[in-house]
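Here is the file query_35.csv (CSV, C-alpha atoms and all ligand atoms).
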chain,number,residue,atom,x,y,z
A,45,MET,CA,-28.0,278.9,-85.4
A,46,SER,CA,-29.0,276.0,-83.1
A,47,GLY,CA,-26.9,273.7,-85.4
A,48,ARG,CA,-23.9,275.9,-84.7
A,49,MET,CA,-24.5,275.7,-81.0
A,50,VAL,CA,-24.8,271.9,-81.0
A,51,THR,CA,-21.6,271.5,-83.1
A,52,LYS,CA,-19.7,273.9,-80.8
A,53,ALA,CA,-20.9,272.1,-77.7
A,54,LEU,CA,-19.9,268.7,-79.1
A,55,LEU,CA,-16.4,269.9,-80.1
A,56,GLU,CA,-15.9,271.6,-76.7
A,57,VAL,CA,-16.7,268.4,-74.9
A,58,SER,CA,-14.4,266.5,-77.2
A,59,ILE,CA,-11.5,268.9,-76.4
A,60,GLU,CA,-12.3,268.8,-72.7
A,61,GLY,CA,-12.3,265.0,-72.6
A,62,LEU,CA,-14.6,262.7,-70.6
A,63,GLY,CA,-14.9,262.5,-66.8
A,64,ARG,CA,-12.7,263.9,-64.1
A,65,TYR,CA,-9.5,262.6,-65.8
A,66,HIS,CA,-10.4,264.2,-69.1
A,67,LYS,CA,-10.1,261.0,-71.1
A,68,THR,CA,-10.3,261.0,-74.9
A,69,SER,CA,-13.7,260.0,-76.0
A,70,ILE,CA,-13.5,257.2,-78.6
A,71,PHE,CA,-17.2,256.5,-79.1
A,72,PRO,CA,-19.2,257.9,-80.5
A,73,CYS,CA,-16.7,258.8,-83.2
A,74,GLY,CA,-16.8,262.5,-84.1
A,75,ILE,CA,-17.0,263.4,-87.7
A,76,PHE,CA,-16.8,267.0,-89.0
A,77,GLN,CA,-18.5,267.7,-92.4
A,78,TYR,CA,-16.2,269.9,-94.3
A,79,MET,CA,-18.0,272.0,-97.0
A,80,LYS,CA,-16.7,274.5,-99.4
A,81,GLY,CA,-18.0,278.0,-98.8
A,82,VAL,CA,-19.5,277.0,-95.5
A,83,ASN,CA,-16.6,276.2,-93.2
A,84,ASP,CA,-13.4,275.6,-95.3
A,85,LYS,CA,-11.7,279.0,-95.1
A,86,LYS,CA,-11.4,282.3,-93.3
A,87,GLY,CA,-14.5,284.4,-94.1
A,88,THR,CA,-16.9,281.4,-94.5
A,89,PRO,CA,-19.7,281.5,-92.0
A,90,ASN,CA,-18.7,278.4,-89.9
A,91,TYR,CA,-14.9,278.7,-90.2
A,92,ASP,CA,-14.7,279.1,-86.5
A,93,LEU,CA,-16.2,275.7,-86.0
A,94,PHE,CA,-13.7,274.2,-88.4
A,95,ARG,CA,-10.9,275.7,-86.4
A,96,LEU,CA,-12.5,274.3,-83.2
A,97,ALA,CA,-12.6,270.9,-84.9
A,98,LEU,CA,-9.0,271.2,-85.8
A,99,LYS,CA,-8.1,272.1,-82.2
A,100,SER,CA,-10.0,269.0,-81.1
A,101,THR,CA,-8.2,266.8,-83.7
A,102,ALA,CA,-4.8,268.1,-82.6
A,103,LYS,CA,-5.6,267.2,-79.0
A,104,ARG,CA,-7.8,264.1,-79.3
A,105,ILE,CA,-7.3,262.6,-82.8
A,106,TYR,CA,-11.0,263.1,-83.3
A,107,PRO,CA,-13.1,264.4,-85.1
A,108,ASN,CA,-12.4,262.9,-88.6
A,109,TYR,CA,-13.3,264.8,-91.7
A,110,ALA,CA,-16.0,264.0,-94.2
A,111,ASN,CA,-15.8,265.8,-97.5
A,112,VAL,CA,-19.2,267.1,-98.4
A,113,ASP,CA,-18.0,268.1,-101.9
A,114,TRP,CA,-16.5,264.7,-102.7
A,115,SER,CA,-17.1,263.9,-106.3
A,116,GLY,CA,-18.4,260.4,-105.4
A,117,ASN,CA,-21.4,262.0,-103.6
A,118,ALA,CA,-22.6,263.8,-106.8
A,119,GLY,CA,-26.3,264.2,-107.0
A,120,TYR,CA,-26.8,265.2,-103.4
A,121,ASP,CA,-29.3,268.0,-102.5
A,122,ARG,CA,-27.6,271.1,-101.2
A,123,ASN,CA,-30.7,272.0,-99.3
A,124,ASP,CA,-31.1,268.7,-97.6
A,125,PRO,CA,-28.3,267.9,-95.1
A,126,ARG,CA,-29.6,264.3,-94.9
A,127,THR,CA,-28.0,263.8,-98.4
A,128,TYR,CA,-24.6,265.3,-97.5
A,129,PHE,CA,-21.7,262.9,-97.6
A,130,SER,CA,-21.3,261.2,-94.2
A,131,THR,CA,-19.9,257.9,-92.9
A,132,MET,CA,-20.8,255.6,-90.1
A,133,GLY,CA,-17.6,256.4,-88.1
A,134,CYS,CA,-15.3,253.7,-89.1
A,135,ARG,CA,-15.7,254.3,-92.9
A,136,THR,CA,-18.9,252.7,-94.2
A,137,ALA,CA,-20.8,254.9,-96.5
A,138,ASN,CA,-24.0,254.8,-98.5
A,139,GLY,CA,-23.8,255.7,-102.1
A,140,MET,CA,-26.6,256.5,-104.5
A,141,ASP,CA,-29.7,254.3,-103.8
A,142,ILE,CA,-30.9,252.5,-106.8
A,143,ASN,CA,-34.3,252.0,-105.2
A,144,GLY,CA,-35.4,255.7,-105.1
A,145,PHE,CA,-33.7,257.4,-102.1
A,146,GLY,CA,-30.9,259.0,-104.1
A,147,GLN,CA,-28.1,260.2,-101.9
A,148,LEU,CA,-30.1,260.0,-98.7
A,149,LYS,CA,-27.9,258.9,-95.8
A,150,ASP,CA,-30.3,258.8,-92.9
A,151,GLY,CA,-32.1,255.5,-92.2
A,152,ARG,CA,-29.8,253.5,-94.5
A,153,GLY,CA,-26.9,251.3,-93.8
A,154,ASN,CA,-24.5,248.6,-94.8
A,155,ILE,CA,-26.4,245.3,-94.7
A,156,CYS,CA,-23.6,242.9,-95.2
A,157,PRO,CA,-20.0,242.8,-96.5
A,158,VAL,CA,-17.8,240.1,-98.0
A,159,THR,CA,-14.0,240.6,-98.1
A,160,ILE,CA,-11.7,239.2,-100.8
A,161,ILE,CA,-8.2,238.4,-99.6
A,162,MET,CA,-6.3,239.4,-102.7
A,163,PRO,CA,-2.7,238.3,-101.9
A,164,THR,CA,-3.8,234.7,-101.7
A,165,LEU,CA,-5.4,235.0,-105.2
A,166,ALA,CA,-2.2,236.5,-106.5
A,167,MET,CA,-0.2,233.5,-105.1
A,168,GLN,CA,-2.5,231.0,-106.6
A,169,SER,CA,-2.3,232.7,-110.0
A,170,LYS,CA,1.5,232.8,-109.8
A,171,GLU,CA,1.7,229.1,-108.9
A,172,LYS,CA,-0.5,228.1,-111.7
A,173,VAL,CA,1.5,230.1,-114.3
A,174,GLU,CA,4.7,228.8,-112.8
A,175,LYS,CA,3.6,225.2,-113.0
A,176,LYS,CA,2.5,225.6,-116.6
A,177,ALA,CA,5.7,227.3,-117.6
A,178,SER,CA,7.9,224.7,-116.0
A,179,LYS,CA,6.0,221.9,-117.8
A,180,GLU,CA,6.6,223.7,-121.1
A,181,ASP,CA,10.2,224.3,-120.0
A,182,ARG,CA,10.2,228.1,-120.4
A,183,VAL,CA,10.3,231.2,-118.3
A,184,TYR,CA,7.1,233.1,-117.6
A,185,SER,CA,6.3,236.8,-117.5
A,186,ASN,CA,4.5,239.1,-115.0
A,187,GLU,CA,1.9,239.7,-117.7
A,188,GLU,CA,0.9,236.1,-117.7
A,189,VAL,CA,0.5,236.1,-113.9
A,190,ILE,CA,-1.5,239.4,-114.0
A,191,GLU,CA,-3.8,237.9,-116.7
A,192,GLU,CA,-4.4,234.8,-114.6
A,193,PHE,CA,-4.9,236.9,-111.5
A,194,MET,CA,-7.5,239.2,-113.1
A,195,LYS,CA,-9.4,236.1,-114.3
A,196,LEU,CA,-9.4,234.6,-110.8
A,197,LEU,CA,-10.3,237.9,-109.2
A,198,ASP,CA,-13.3,238.3,-111.5
A,199,LYS,CA,-14.4,234.8,-110.5
A,200,LYS,CA,-14.1,235.6,-106.8
A,201,ILE,CA,-16.0,238.8,-107.2
A,202,ALA,CA,-18.8,236.8,-108.8
A,203,GLU,CA,-18.7,234.4,-105.8
A,204,ALA,CA,-18.8,237.3,-103.4
A,205,ARG,CA,-21.9,238.6,-105.2
A,206,ASP,CA,-23.6,235.2,-104.8
A,207,MET,CA,-22.7,235.1,-101.1
A,208,LEU,CA,-24.0,238.6,-100.6
A,209,LEU,CA,-27.3,237.8,-102.4
A,210,GLU,CA,-27.8,234.7,-100.2
A,211,ARG,CA,-27.1,236.6,-97.0
A,212,PHE,CA,-29.2,239.4,-98.0
A,213,GLU,CA,-32.2,237.2,-98.7
A,214,HIS,CA,-31.6,235.4,-95.4
A,215,ILE,CA,-31.6,238.7,-93.5
A,216,CYS,CA,-34.8,239.8,-95.4
A,217,SER,CA,-36.5,236.6,-94.3
A,218,GLN,CA,-36.3,237.6,-90.6
A,219,SER,CA,-39.6,238.6,-88.9
A,220,PRO,CA,-39.9,242.3,-88.1
A,221,ASN,CA,-40.6,241.1,-84.5
A,222,SER,CA,-36.9,240.2,-84.1
A,223,ALA,CA,-36.1,243.9,-84.0
A,224,LYS,CA,-39.5,245.4,-83.2
A,225,PHE,CA,-38.3,248.7,-81.9
A,226,MET,CA,-36.4,249.4,-85.0
A,227,TRP,CA,-39.3,248.9,-87.3
A,228,GLU,CA,-41.9,250.6,-85.1
A,229,ASN,CA,-39.7,253.7,-84.9
A,230,ASN,CA,-38.5,253.8,-88.5
A,231,THR,CA,-34.9,253.8,-87.7
A,232,MET,CA,-34.5,252.3,-91.1
A,233,ALA,CA,-36.2,254.3,-93.8
A,234,GLY,CA,-38.7,253.0,-96.3
A,235,TYR,CA,-40.3,250.2,-94.2
A,236,VAL,CA,-43.7,249.2,-95.4
A,237,PRO,CA,-45.3,246.6,-93.0
A,238,GLU,CA,-47.2,244.8,-95.8
A,239,GLU,CA,-44.0,244.2,-97.7
A,240,GLY,CA,-41.8,242.9,-94.9
A,241,ILE,CA,-38.4,244.2,-93.9
A,242,ARG,CA,-37.0,243.9,-97.4
A,243,SER,CA,-38.9,247.1,-98.2
A,244,ALA,CA,-36.4,248.9,-95.9
A,245,LEU,CA,-33.3,246.7,-96.4
A,246,LYS,CA,-33.3,247.2,-100.2
A,247,HIS,CA,-32.1,250.8,-99.6
A,248,GLY,CA,-29.0,249.6,-97.7
A,249,THR,CA,-25.8,248.6,-99.3
A,250,ILE,CA,-24.3,245.1,-99.8
A,251,VAL,CA,-20.6,245.4,-100.3
A,252,ILE,CA,-17.5,243.7,-101.7
A,253,GLY,CA,-14.5,244.5,-99.7
A,254,GLN,CA,-10.8,243.7,-100.2
A,255,LEU,CA,-7.6,243.2,-98.3
A,256,GLY,CA,-3.9,243.7,-99.2
A,257,LEU,CA,-3.6,245.6,-102.5
A,258,ALA,CA,0.0,246.5,-101.6
A,259,GLU,CA,1.1,242.9,-101.1
A,260,THR,CA,-0.9,241.7,-104.1
A,261,LEU,CA,1.0,244.1,-106.3
A,262,GLN,CA,4.3,242.9,-104.8
A,263,ILE,CA,3.5,239.4,-105.8
A,264,LEU,CA,2.4,240.4,-109.3
A,265,ILE,CA,5.0,242.9,-110.3
A,266,GLN,CA,7.4,243.1,-107.3
A,267,LYS,CA,6.5,246.7,-106.5
A,268,ASP,CA,3.5,248.4,-105.0
A,269,HIS,CA,1.3,251.4,-105.8
A,270,THR,CA,3.9,253.9,-104.4
A,271,THR,CA,5.4,253.4,-107.9
A,272,GLU,CA,3.9,254.5,-111.2
A,273,GLU,CA,3.7,251.0,-112.6
A,274,GLY,CA,2.2,249.7,-109.4
A,275,MET,CA,-0.4,252.5,-109.5
A,276,ASP,CA,-1.3,251.7,-113.1
A,277,LEU,CA,-2.1,248.1,-112.2
A,278,ALA,CA,-3.8,249.1,-109.0
A,279,LYS,CA,-6.3,251.2,-111.1
A,280,VAL,CA,-6.9,248.2,-113.3
A,281,ILE,CA,-7.7,246.0,-110.3
A,282,GLU,CA,-9.9,248.6,-108.6
A,283,GLY,CA,-11.6,249.3,-111.9
A,284,LEU,CA,-12.7,245.7,-112.1
A,285,PHE,CA,-14.3,245.9,-108.6
A,286,LYS,CA,-16.1,249.2,-109.5
A,287,LYS,CA,-17.3,247.9,-112.9
A,288,ARG,CA,-18.6,244.6,-111.6
A,289,CYS,CA,-20.4,246.3,-108.6
A,290,ALA,CA,-22.1,248.8,-111.0
A,291,GLU,CA,-23.3,245.9,-113.2
A,292,PHE,CA,-24.6,243.9,-110.2
A,293,LYS,CA,-26.4,247.0,-108.9
A,294,GLU,CA,-28.3,247.4,-112.2
A,295,GLU,CA,-29.0,243.7,-112.6
A,296,TYR,CA,-30.3,242.9,-109.1
A,297,LYS,CA,-31.6,246.4,-108.3
A,298,LEU,CA,-29.6,246.2,-105.0
A,299,ASN,CA,-26.9,248.6,-103.9
A,300,PHE,CA,-23.8,246.7,-104.5
A,301,GLY,CA,-20.7,248.7,-103.6
A,302,VAL,CA,-16.9,248.6,-103.4
A,303,TYR,CA,-15.8,248.7,-99.8
A,304,TYR,CA,-12.2,249.3,-98.6
A,305,THR,CA,-12.5,246.9,-95.7
A,306,PRO,CA,-11.1,247.9,-92.3
A,307,ALA,CA,-10.3,244.2,-91.6
A,308,GLU,CA,-8.8,244.9,-88.2
A,309,ASN,CA,-8.6,241.2,-87.2
A,310,LEU,CA,-8.7,239.7,-90.6
A,311,CYS,CA,-5.5,241.3,-91.7
A,312,TYR,CA,-3.7,239.2,-89.0
A,313,THR,CA,-5.6,235.9,-89.4
A,314,ALA,CA,-5.3,236.1,-93.2
A,315,MET,CA,-1.6,236.7,-92.9
A,316,LYS,CA,-1.2,233.7,-90.5
A,317,LYS,CA,-2.8,231.4,-92.9
A,318,PHE,CA,-0.9,232.8,-95.8
A,319,LYS,CA,2.4,232.3,-94.0
A,320,ASN,CA,1.5,228.7,-93.2
A,321,LYS,CA,1.0,228.0,-96.8
A,322,TYR,CA,3.5,230.1,-98.6
A,323,GLY,CA,6.1,231.0,-95.9
A,324,VAL,CA,7.9,234.3,-95.6
A,325,ILE,CA,8.1,236.3,-98.8
A,326,GLU,CA,9.9,239.6,-98.8
A,327,ASN,CA,7.6,242.7,-98.8
A,328,VAL,CA,4.6,240.3,-98.9
A,329,SER,CA,4.5,238.1,-95.8
A,330,ASP,CA,7.5,239.3,-93.7
A,331,ARG,CA,5.2,241.2,-91.3
A,332,ASP,CA,2.4,240.2,-88.9
A,333,TYR,CA,-0.5,241.6,-91.0
A,334,PHE,CA,-1.6,242.4,-94.5
A,335,THR,CA,-2.1,246.1,-95.4
A,336,ASN,CA,-5.7,247.2,-95.1
A,337,SER,CA,-7.5,247.6,-98.4
A,338,ILE,CA,-5.7,250.1,-100.7
A,339,HIS,CA,-3.6,251.8,-98.0
A,340,VAL,CA,0.0,252.5,-98.5
A,341,PRO,CA,1.9,250.1,-96.2
A,342,VAL,CA,2.7,251.8,-92.8
A,343,TRP,CA,6.3,250.9,-93.1
A,344,HIS,CA,6.7,253.1,-96.2
A,345,ASP,CA,8.4,256.4,-95.3
A,346,VAL,CA,6.0,258.8,-97.0
A,347,ASP,CA,5.0,262.2,-95.7
A,348,PRO,CA,1.3,263.1,-95.2
A,349,PHE,CA,1.1,264.9,-98.6
A,350,GLU,CA,2.6,262.0,-100.5
A,351,LYS,CA,0.3,259.5,-98.8
A,352,ILE,CA,-2.7,261.7,-99.8
A,353,ASP,CA,-1.4,262.0,-103.4
A,354,ILE,CA,-1.2,258.2,-103.7
A,355,GLU,CA,-4.4,257.1,-102.0
A,356,SER,CA,-6.5,259.8,-103.5
A,357,GLN,CA,-6.0,258.2,-106.9
A,358,LEU,CA,-7.9,255.1,-105.7
A,359,THR,CA,-10.6,256.4,-103.4
A,360,SER,CA,-12.9,257.3,-106.3
A,361,PHE,CA,-13.2,253.5,-107.0
A,362,SER,CA,-15.0,253.0,-103.7
A,363,ASN,CA,-18.5,254.1,-103.2
A,364,ALA,CA,-19.3,252.1,-100.1
A,365,GLY,CA,-16.7,253.4,-97.7
A,366,CYS,CA,-13.0,254.1,-97.4
A,367,ILE,CA,-10.8,256.1,-95.2
A,368,THR,CA,-7.4,257.8,-95.7
A,369,TYR,CA,-5.2,258.2,-92.7
A,370,VAL,CA,-2.0,260.1,-92.2
A,371,GLU,CA,0.4,259.5,-89.3
A,372,LEU,CA,1.8,262.5,-87.6
A,373,PRO,CA,4.5,262.9,-85.0
A,374,SER,CA,3.1,263.9,-81.6
A,375,THR,CA,4.6,267.3,-82.1
A,376,ALA,CA,1.4,268.0,-84.2
A,377,ILE,CA,-0.3,268.6,-80.9
A,378,ASN,CA,-0.7,272.4,-80.5
A,379,ASN,CA,0.1,273.0,-84.2
A,380,ILE,CA,-3.4,273.6,-85.4
A,381,ASP,CA,-2.2,275.4,-88.5
A,382,ALA,CA,-0.3,272.4,-89.6
A,383,VAL,CA,-3.3,270.2,-89.1
A,384,GLU,CA,-5.4,272.6,-91.1
A,385,THR,CA,-3.0,272.6,-94.0
A,386,ILE,CA,-3.1,268.8,-94.1
A,387,VAL,CA,-6.9,268.6,-93.9
A,388,ASN,CA,-7.3,271.2,-96.6
A,389,TYR,CA,-4.9,269.4,-98.8
A,390,ALA,CA,-6.8,266.1,-98.4
A,391,MET,CA,-10.1,267.7,-99.2
A,392,GLU,CA,-8.7,269.5,-102.2
A,393,LYS,CA,-7.4,266.1,-103.5
A,394,ASP,CA,-11.0,264.8,-103.3
A,395,ILE,CA,-10.4,262.4,-100.4
A,396,PRO,CA,-13.9,261.4,-99.2
A,397,TYR,CA,-13.1,260.6,-95.6
A,398,PHE,CA,-9.9,261.7,-93.8
A,399,ALA,CA,-8.4,261.1,-90.4
A,400,LEU,CA,-5.2,261.9,-88.6
A,401,ASN,CA,-3.2,259.7,-86.3
A,402,PHE,CA,-0.5,260.4,-83.8
A,403,PRO,CA,0.7,258.8,-80.6
A,404,LEU,CA,-1.5,260.0,-77.7
A,405,ASP,CA,-0.5,258.9,-74.2
A,406,THR,CA,-2.2,259.8,-71.0
A,407,CYS,CA,-0.6,259.3,-67.5
A,408,ASN,CA,-3.0,257.6,-65.2
A,409,LYS,CA,-1.3,259.2,-62.2
A,410,CYS,CA,-1.0,262.9,-63.0
A,411,HIS,CA,-3.1,262.9,-66.2
A,412,ALA,CA,-0.5,264.6,-68.3
A,413,GLN,CA,-0.8,264.0,-72.1
A,414,GLY,CA,1.7,263.6,-74.9
A,415,ASP,CA,4.0,260.9,-76.5
A,416,PHE,CA,5.7,259.3,-73.5
A,417,ASN,CA,7.5,256.2,-74.6
A,418,GLY,CA,6.2,254.3,-71.6
A,419,LYS,CA,7.1,256.7,-68.8
A,420,CYS,CA,5.4,260.0,-67.8
A,421,PRO,CA,7.8,262.9,-68.2
A,422,GLU,CA,5.9,264.9,-65.5
A,423,CYS,CA,5.7,262.4,-62.6
A,424,GLY,CA,7.7,259.4,-63.7
A,425,SER,CA,4.7,257.0,-63.5
A,426,GLU,CA,4.7,254.0,-65.8
A,427,ASP,CA,0.9,253.6,-65.6
A,428,ILE,CA,0.2,255.0,-69.0
A,429,ASP,CA,-2.9,254.7,-71.3
A,430,GLU,CA,-1.6,254.5,-74.8
A,431,LEU,CA,-4.2,255.4,-77.5
A,432,ARG,CA,-3.1,254.1,-80.9
A,433,ARG,CA,-5.8,254.0,-83.5
A,434,VAL,CA,-5.5,251.0,-85.7
A,435,THR,CA,-8.9,251.0,-87.3
A,436,GLY,CA,-11.1,253.9,-88.2
A,437,ARG,CA,-13.3,253.7,-85.2
B,1,ZN,ZN,2.3,261.5,-64.8
Let me see the structure of the file written as structure tokens.
Amino acid sequence: MSGRMVTKALLEVSIEGLGRYHKTSIFPCGIFQYMKGVNDKKGTPNYDLFRLALKSTAKRIYPNYANVDWSGNAGYDRNDPRTYFSTMGCRTANGMDINGFGQLKDGRGNICPVTIIMPTLAMQSKEKVEKKASKEDRVYSNEEVIEEFMKLLDKKIAEARDMLLERFEHICSQSPNSAKFMWENNTMAGYVPEEGIRSALKHGTIVIGQLGLAETLQILIQKDHTTEEGMDLAKVIEGLFKKRCAEFKEEYKLNFGVYYTPAENLCYTAMKKFKNKYGVIENVSDRDYFTNSIHVPVWHDVDPFEKIDIESQLTSFSNAGCITYVELPSTAINNIDAVETIVNYAMEKDIPYFALNFPLDTCNKCHAQGDFNGKCPECGSEDIDELRRVTGR
């Protein structure tokens, strides 16, 4: 009962907005835990709270939706909410702990990530195959490039593992005095003073991230995962990440995981470097940024349901965090039923973490809200706050 009251209060504040001008609250990021039989449909005990969450999302973009019944969180304890699927706002998530905490989420976190920029590996593979073929005076096939790419990717995944192990050990070598409050108050679970901070950090995750699946596929086979052929290859690539991380987890008894990196700055800097080296390639480097992780490129004209259909085929490969967004026109505001249909669809498709995006402008003069195109339709002011979510935060 008190949980219901807290949830209701948080959502009402989110809808109301912050301060006298009712600004949209960005931090802390609101996340609604969607659970079958609890709040998912009419007649379930907390359905009213789901509706309130949808109302908030329709107005404020937040909350996002965490899928408690996600298949990737199997093994959680229905009687212990601390094991329910949840994320750290942007997308990071804790999978099954190999060191005894199971699906516990509280008191654990992502210790360090490394991100692999896949399009560069694809270009290196292509160049190598090209060179060899021209020496032998013959044409080469996509299959040869793919084979070379998979070998190189495997090598880079192993290098990422080594980097993570080195960083992990370095972090573990810190004195508990460098974050005394944290250790004194058990903000990280499992701390045993005699064993040092490793006793707690070993329950966290160390993750291998990735950037630019869509562009990688374009280089390898000249189409991306919005096509069947592209999706087949995408599954092979993601399967390698998943397999290797599972092996490392067993071998080192540390929670290696596959992470669909947000890469908000990296997707620009990586593209800049790529362009300097390889120039502008159609559908690969003819934009200012690489596509995040496994996302469908934003310039593809797919509706929310198609986007969910495509990305839901890949989210099960990631156990350390991923997010699926759909973009809506601003007319979604006030259409709570439409938002509900989309959220339900994503949850049904086993999307672990789901968020909606639409243009949200606020006039700084009269505080009207909507999609303004630079000028307030109410008072004509051009002093507009434009909220456009790029990352998951
Ligand atoms: Zn105005």
Taking all atoms listed in the file into account, which residues are within 6 Å of ligand ZN 1 (chain B), as a PyMOL selection string? chain A and resi 407+409-412+420+422-425
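Of the listed residues A:Thr270, A:Ser329, A:Asn379, A:Ser100, the one whose atoms come nearest to Ala53 in chain A is A:Ser100, with distances taken using all atoms listed in the file.
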If we count only C-alpha atoms, what is near range 208-210 of chain A at a cut-off of 12 Å, once residues fewer than 2 positions away on the same chain are taken out, given as a PyMOL selection string? chain A and resi 154-159+201-206+212-217+246+249-253+289+292-293+295-301
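Computed from the coordinates, the CA of Leu404 in chain A to CA of Ser130 in chain A distance equals 25.8 Å.
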Using all atoms listed in the file, give me every residue within 10 Å of (-11.6, 271.8, -76.4) in file coordinates, as a PDB file with C-alpha atoms, in the coordinates of the input.
ATOM      1  CA  LYS A  52     -19.700 273.900 -80.800  1.00  0.00           C
ATOM      2  CA  ALA A  53     -20.900 272.100 -77.700  1.00  0.00           C
ATOM      3  CA  LEU A  54     -19.900 268.700 -79.100  1.00  0.00           C
ATOM      4  CA  LEU A  55     -16.400 269.900 -80.100  1.00  0.00           C
ATOM      5  CA  GLU A  56     -15.900 271.600 -76.700  1.00  0.00           C
ATOM      6  CA  VAL A  57     -16.700 268.400 -74.900  1.00  0.00           C
ATOM      7  CA  SER A  58     -14.400 266.500 -77.200  1.00  0.00           C
ATOM      8  CA  ILE A  59     -11.500 268.900 -76.400  1.00  0.00           C
ATOM      9  CA  GLU A  60     -12.300 268.800 -72.700  1.00  0.00           C
ATOM     10  CA  GLY A  61     -12.300 265.000 -72.600  1.00  0.00           C
ATOM     11  CA  LEU A  96     -12.500 274.300 -83.200  1.00  0.00           C
ATOM     12  CA  ALA A  97     -12.600 270.900 -84.900  1.00  0.00           C
ATOM     13  CA  LEU A  98      -9.000 271.200 -85.800  1.00  0.00           C
ATOM     14  CA  LYS A  99      -8.100 272.100 -82.200  1.00  0.00           C
ATOM     15  CA  SER A 100     -10.000 269.000 -81.100  1.00  0.00           C
ATOM     16  CA  THR A 101      -8.200 266.800 -83.700  1.00  0.00           C
ATOM     17  CA  ALA A 102      -4.800 268.100 -82.600  1.00  0.00           C
ATOM     18  CA  LYS A 103      -5.600 267.200 -79.000  1.00  0.00           C
ATOM     19  CA  ARG A 104      -7.800 264.100 -79.300  1.00  0.00           C
TER      20      ARG A 104
END
Given the choices A:Asn388, A:Thr406, A:Ser185, A:Ser178, which gets closest to Tyr109 in chain A if the distance is worked out from only C-alpha atoms? A:Asn388
Of the candidates A:Pro403, A:Pro348, A:Pro72, A:Gly81, which shows the shortest atom-to-atom distance to Met132 in chain A, using all atoms listed in the file? A:Pro72
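Closest approach to Pro396 in chain A among A:Tyr128, A:Phe225, A:Trp114, A:Phe361: A:Trp114, based on all atoms listed in the file.
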When distances are computed from only C-alpha atoms, which of A:Pro421, A:Gly139, A:Gly63, A:Pro163 shows the smallest separation from Ser115 in chain A? A:Gly139
